[in-house]
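Below is the file entry01.txt, which contains compact mmCIF, C-alpha atoms.
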# COMPACT_ATOMS: atom_id res chain seq x y z
CA MET A 60 -10.19 9.38 18.30
CA PRO A 61 -6.56 9.68 19.41
CA LEU A 62 -4.30 6.72 18.78
CA PRO A 63 -1.37 6.00 21.13
CA GLN A 64 2.11 6.66 19.80
CA ASN A 65 4.39 3.83 20.88
CA SER A 66 6.38 0.96 19.45
CA PRO A 67 5.44 -2.71 19.10
CA ALA A 68 6.76 -5.26 21.55
CA PRO A 69 9.81 -7.31 20.55
CA ASP A 70 7.64 -10.37 19.91
CA ALA A 71 5.38 -8.59 17.39
CA THR A 72 5.05 -10.14 13.94
CA VAL A 73 6.70 -7.92 11.32
CA VAL A 74 5.78 -8.14 7.61
CA ARG A 75 7.95 -6.06 5.27
CA THR A 76 5.35 -4.86 2.80
CA GLY A 77 7.51 -2.29 1.00
CA ARG A 78 10.47 -4.51 0.18
CA ARG A 79 8.62 -6.71 -2.33
CA GLY A 80 7.18 -3.73 -4.17
CA ALA A 81 10.54 -1.97 -4.30
CA LEU A 82 12.32 -5.04 -5.66
CA THR A 83 9.73 -5.26 -8.42
CA ALA A 84 9.35 -1.58 -9.30
CA LEU A 85 12.85 -0.15 -8.93
CA PRO A 86 14.57 -2.20 -11.68
CA ILE A 87 11.83 -1.20 -14.14
CA CYS A 88 12.10 2.43 -13.08
CA LEU A 89 15.87 2.36 -13.54
CA ILE A 90 15.44 1.07 -17.09
CA LEU A 91 12.98 3.88 -17.83
CA VAL A 92 15.36 6.46 -16.36
CA ALA A 93 18.19 5.06 -18.50
CA LEU A 94 16.00 5.48 -21.59
CA GLY A 95 15.31 9.05 -20.55
CA LEU A 96 19.02 9.79 -20.17
CA ALA A 97 19.65 8.31 -23.60
CA GLY A 98 16.96 10.61 -24.96
CA VAL A 99 18.63 13.61 -23.33
CA VAL A 100 21.95 12.66 -24.93
CA GLY A 101 20.28 12.27 -28.31
CA LEU A 102 18.59 15.67 -28.11
CA VAL A 103 21.85 17.34 -27.03
CA MET A 104 23.57 15.78 -30.02
CA LEU A 105 20.84 17.13 -32.29
CA ALA A 106 21.11 20.59 -30.78
CA THR A 107 24.90 20.68 -31.18
CA GLY A 108 24.89 19.19 -34.65
CA THR A 109 27.06 16.20 -33.72
CA THR A 110 24.67 13.55 -34.97
CA LYS A 111 25.56 11.43 -37.96
CA GLY A 112 23.09 10.97 -40.76
CA GLU A 113 19.85 12.71 -41.58
CA VAL A 114 17.64 13.99 -38.79
CA THR A 115 14.09 12.73 -39.27
CA ALA A 116 10.84 13.64 -37.55
CA PRO A 117 10.27 10.03 -36.36
CA GLY A 118 13.76 10.04 -34.88
CA VAL A 119 13.08 13.23 -32.94
CA ALA A 120 9.72 11.87 -31.81
CA GLY A 121 11.48 8.72 -30.59
CA LEU A 122 13.89 10.78 -28.51
CA VAL A 123 11.00 12.74 -27.01
CA MET A 124 9.27 9.47 -26.11
CA MET A 125 12.45 8.34 -24.38
CA LEU A 126 12.33 11.51 -22.30
CA VAL A 127 8.73 10.72 -21.37
CA PHE A 128 9.75 7.21 -20.29
CA GLY A 129 12.53 8.70 -18.19
CA ALA A 130 10.11 11.07 -16.49
CA LEU A 131 7.79 8.16 -15.71
CA GLY A 132 10.70 6.23 -14.24
CA VAL A 133 11.44 9.10 -11.87
CA LEU A 134 7.75 9.64 -11.09
CA PHE A 135 7.18 6.03 -10.03
CA GLY A 136 10.67 5.33 -8.73
CA ILE A 137 10.72 7.97 -6.00
CA PRO A 138 7.62 6.63 -4.15
CA ALA A 139 8.91 3.05 -4.52
CA TRP A 140 12.25 4.05 -3.01
CA HIS A 141 10.67 5.96 -0.13
CA GLY A 142 8.31 3.06 0.56
CA ARG A 143 10.95 0.32 0.57
CA ARG A 144 10.98 0.25 4.39
CA ALA A 145 7.21 0.08 4.78
CA ALA A 146 6.02 -2.63 7.15
CA VAL A 147 3.01 -3.97 9.02
CA MET A 148 3.51 -5.05 12.62
CA VAL A 149 0.95 -7.06 14.57
CA GLY A 150 1.37 -7.28 18.33
CA ARG A 151 -0.44 -7.45 21.64
CA ALA A 152 -1.47 -3.79 21.56
CA GLY A 153 -2.76 -3.71 17.98
CA VAL A 154 -1.73 -3.33 14.35
CA TRP A 155 0.97 -0.84 13.37
CA LEU A 156 1.48 0.64 9.95
CA ASP A 157 4.96 1.94 9.17
CA ASN A 158 5.15 3.76 5.82
CA GLY A 159 8.93 4.18 6.00
CA ARG A 160 8.71 7.74 7.31
CA ALA A 161 6.23 7.56 10.18
CA ARG A 162 4.43 4.93 12.24
CA GLN A 163 0.93 4.69 13.67
CA ILE A 164 -1.04 2.07 15.58
CA ILE A 165 -4.62 0.87 15.40
CA PRO A 166 -5.21 -0.59 18.89
CA TRP A 167 -7.36 -3.64 19.40
CA ASP A 168 -9.42 -1.82 22.02
CA VAL A 169 -10.79 0.69 19.47
CA LEU A 170 -12.03 -2.04 17.10
CA ALA A 171 -15.34 -3.82 16.79
CA GLY A 172 -14.13 -6.47 14.35
CA VAL A 173 -11.19 -7.70 12.28
CA GLY A 174 -11.35 -9.94 9.21
CA MET A 175 -9.40 -11.14 6.21
CA GLN A 176 -10.86 -10.55 2.73
CA TRP A 177 -9.60 -11.54 -0.69
CA SER A 178 -10.54 -11.18 -4.34
CA GLN A 179 -9.40 -12.72 -7.58
CA PHE A 180 -7.01 -10.67 -9.73
CA GLY A 181 -6.73 -12.41 -13.05
CA ARG A 182 -6.68 -16.19 -13.18
CA ARG A 183 -3.89 -16.99 -10.75
CA VAL A 184 -3.40 -14.00 -8.48
CA LYS A 185 -5.39 -13.14 -5.36
CA GLN A 186 -5.44 -9.82 -3.56
CA TYR A 187 -5.70 -9.88 0.23
CA SER A 188 -6.61 -7.31 2.84
CA ILE A 189 -7.13 -7.07 6.57
CA GLU A 190 -10.36 -5.21 7.37
CA LEU A 191 -10.20 -3.30 10.67
CA CYS A 192 -13.64 -2.08 11.73
CA PRO A 193 -13.65 0.61 14.45
CA SER A 194 -16.09 0.67 17.34
CA GLY A 195 -16.35 4.48 17.14
CA PRO A 196 -15.29 7.46 15.02
CA ILE A 197 -11.84 7.45 13.43
CA ASP A 198 -9.36 10.12 12.46
CA ASP A 199 -9.53 9.80 8.68
CA ARG A 200 -6.96 12.58 8.28
CA ASP A 201 -4.17 10.80 10.13
CA PRO A 202 -0.92 11.28 8.14
CA VAL A 203 -0.17 7.55 8.18
CA LEU A 204 -3.58 5.88 8.26
CA TRP A 205 -5.67 8.07 5.94
CA ALA A 206 -4.77 5.98 2.87
CA LEU A 207 -6.28 2.88 4.53
CA VAL A 208 -9.71 4.43 5.15
CA ARG A 209 -12.58 3.02 3.07
CA ASP A 210 -16.24 4.03 3.11
CA GLU A 211 -18.25 1.00 1.97
CA GLU A 212 -21.13 -1.19 2.99
CA PRO A 213 -20.50 -2.75 6.44
CA ILE A 214 -19.03 -6.25 6.32
CA GLY A 215 -21.16 -7.44 9.23
CA PRO A 216 -24.17 -6.56 11.42
CA GLY A 217 -23.55 -3.62 13.72
CA LEU A 218 -20.27 -2.67 12.01
CA PRO A 219 -19.64 0.80 10.55
CA ARG A 220 -19.21 1.80 6.92
CA LEU A 221 -15.97 3.64 7.63
CA ARG A 222 -13.08 1.27 8.29
CA TYR A 223 -9.39 0.62 7.67
CA ARG A 224 -8.35 -1.66 4.81
CA LEU A 225 -4.79 -2.90 5.06
CA PRO A 226 -3.53 -4.55 1.83
CA VAL A 227 -1.48 -7.69 2.44
CA PRO A 228 1.23 -8.72 -0.06
CA PRO A 229 0.60 -12.07 -1.80
CA GLY A 230 2.41 -14.80 0.06
CA SER A 231 2.15 -13.00 3.40
CA GLN A 232 -1.56 -13.55 4.05
CA GLU A 233 -1.08 -16.66 6.16
CA GLN A 234 1.56 -14.99 8.33
CA VAL A 235 -0.59 -11.90 8.86
CA THR A 236 -3.75 -13.93 9.54
CA ALA A 237 -1.92 -16.09 12.07
CA ALA A 238 -0.58 -12.98 13.81
CA VAL A 239 -4.02 -11.38 13.99
CA ARG A 240 -5.57 -14.59 15.33
CA ARG A 241 -2.79 -14.83 17.89
CA TYR A 242 -2.88 -11.28 19.24
CA ALA A 243 -6.39 -9.91 18.62
CA PRO A 244 -9.08 -10.57 21.23
CA PRO A 245 -10.99 -13.66 20.02
CA HIS A 246 -14.36 -11.88 19.86
CA LEU A 247 -13.02 -9.48 17.20
CA TRP A 248 -12.24 -12.11 14.57
CA LEU A 249 -14.76 -12.00 11.69
CA GLY A 250 -13.23 -14.79 9.62
CA GLU A 251 -12.21 -14.82 5.97
CA ALA A 252 -14.45 -13.85 3.05
CA GLN A 253 -14.21 -13.50 -0.72
CA ARG A 254 -15.00 -10.14 -2.31
CA GLU A 255 -15.59 -8.92 -5.84
CA PRO A 256 -12.50 -8.44 -8.06
CA GLY A 257 -10.63 -5.21 -7.36
CA HIS A 258 -11.95 -4.94 -3.81
CA LEU A 259 -8.80 -3.19 -2.57
CA GLY A 260 -9.91 0.04 -4.22
CA ARG A 261 -8.04 3.31 -3.88
CA PRO A 262 -7.75 5.83 -1.05
CA ASP A 263 -9.89 8.95 -1.21
CA PRO A 264 -7.52 11.83 -2.10
CA SER A 265 -9.81 14.29 -0.31
CA ARG A 266 -8.81 12.69 3.00
CA ARG A 267 -5.13 13.44 2.46
CA PRO A 268 -3.90 15.65 5.33
CA GLY A 269 -3.51 19.26 4.31
CA ARG A 270 -6.43 19.26 1.88
Spell out the structure here as structure tokens.
Amino acid sequence: MPLPQNSPAPDATVVRTGRRGALTALPICLILVALGLAGVVGLVMLATGTTKGEVTAPGVAGLVMMLVFGALGVLFGIPAWHGRRAAVMVGRAGVWLDNGRARQIIPWDVLAGVGMQWSQFGRRVKQYSIELCPSGPIDDRDPVLWALVRDEEPIGPGLPRLRYRLPVPPGSQEQVTAAVRRYAPPHLWLGEAQREPGHLGRPDPSRRPGR
């Protein structure tokens, strides 16, 4: 089902979903990278014989672990940096997902229902999602939207198993819900419901475009 390629209206509600994650992840990743660089320096000193004191196996193992931490910092830091501009935009035409590199829309007129779901994560944290249930087949290989696709039991009578699940950052759920209630056709709203812990799940890697 083709989705129109356009931009949201100026009055659309914009929620910067990538900024919060980047502010949390990037400092940690920088610390890990710094440890990795320190490990590189230590190994170079060992190789050139400029270290002071006796070289021990635990010391070498510690330097290797620092390299591993540095690699992890790079591995997780690059996606966090690329995703810092990610945003969700809710407007009169539908819901846009902007992953920082490309943008796609899920129009209201291709949906059969929209609802907010949440689950408990630990004692104090809740995870929120907007569930967008299509009225027909969807393109589950779309470069932007594929990661939102979930295949689960329908959340209501007459709704499909295959749907989009849009995670909502904690603290933004009221803003997103208000925007959906404002712009979505009233008959689409399914209300809010609690789910089992960990309901957000993970995208199916087999749907990734190019596979």
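Counting only C-alpha atoms, the residue from A:Val74, A:Leu122, A:Leu191, A:Ile165 that sits nearest to A:Arg151 is A:Ile165.
Residues within 7 Å of A:Gly172, counting all atoms listed in the file and excluding same-chain residues fewer than 5 positions away, are Leu191, Cys192, Leu247, Trp248 and Leu249 of chain A.
Atom CA of A:Val92 lies 19.9 Å from atom CA of A:Leu105.
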* Within 12 Å of (9.6, 10.1, -25.8) (coordinates as in the file), grab all the protein and nucleic acid residues, counting only C-alpha atoms, and write them out as a PyMOL selection string. => chain A and resi 91-92+94-99+101-102+117-131
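In this structure, atom CA of A:Tyr187 sits 22.5 Å away from atom CA of A:Val169.
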* Can you list, as a ChimeraX atom specification, every protein, DNA or RNA residue that comes within 10 Å of stretch 253-262 of chain A when you count only C-alpha atoms, leaving out same-chain residues fewer than 5 positions away? -> /A:175-181,185-188,205-210,224-227,267
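Shell of A:Ser194 at 12 Å, with all atoms listed in the file counted and residues fewer than 5 places along the chain excluded, is Met60, Ile165, Pro166, Trp167, Asp168, Val169, Leu170, Ala171, Gly172, Val173, Gly217, Leu218, Pro219, Arg220, Leu221, Arg222, Tyr223 and Leu247 of chain A.
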Write a file of the just-selected residues containing C-alpha atoms, as a tab-separated table (two decimals), in the frame of the given file.
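File part.tsv, as written:
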chain	number	residue	atom	x	y	z
A	60	MET	CA	-10.19	9.38	18.30
A	165	ILE	CA	-4.62	0.87	15.40
A	166	PRO	CA	-5.21	-0.59	18.89
A	167	TRP	CA	-7.36	-3.64	19.40
A	168	ASP	CA	-9.42	-1.82	22.02
A	169	VAL	CA	-10.79	0.69	19.47
A	170	LEU	CA	-12.03	-2.04	17.10
A	171	ALA	CA	-15.34	-3.82	16.79
A	172	GLY	CA	-14.13	-6.47	14.35
A	173	VAL	CA	-11.19	-7.70	12.28
A	217	GLY	CA	-23.55	-3.62	13.72
A	218	LEU	CA	-20.27	-2.67	12.01
A	219	PRO	CA	-19.64	0.80	10.55
A	220	ARG	CA	-19.21	1.80	6.92
A	221	LEU	CA	-15.97	3.64	7.63
A	222	ARG	CA	-13.08	1.27	8.29
A	223	TYR	CA	-9.39	0.62	7.67
A	247	LEU	CA	-13.02	-9.48	17.20
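Here atom CA of A:Val149 is placed at a distance of 5.2 Å from atom CA of A:Thr72.
Here the question is which of A:Arg183, A:His246, A:Arg200, A:Arg75 gets nearest to A:Pro268 using only C-alpha atoms, and that residue is A:Arg200.
Counting only C-alpha atoms, the residue from A:Gly215, A:Pro245, A:Val203, A:Met104 that sits nearest to A:Trp155 is A:Val203.
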* **Among listed residues A:Ile189, A:Ala93, A:Gly174, A:Ala71, nearest A:Pro228 (using only C-alpha atoms)** => A:Ile189
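Comparing the minimum interatomic distances between A:Asp263 and each of A:Leu204, A:Ala106, A:Val147, A:Val184, counting only C-alpha atoms, we find that A:Leu204 sits nearest.
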* Structure fact -> With distances taken over all atoms listed in the file, the candidate from A:Val154, A:Val100, A:Ala146, A:Leu89 nearest A:Ala238 is A:Val154
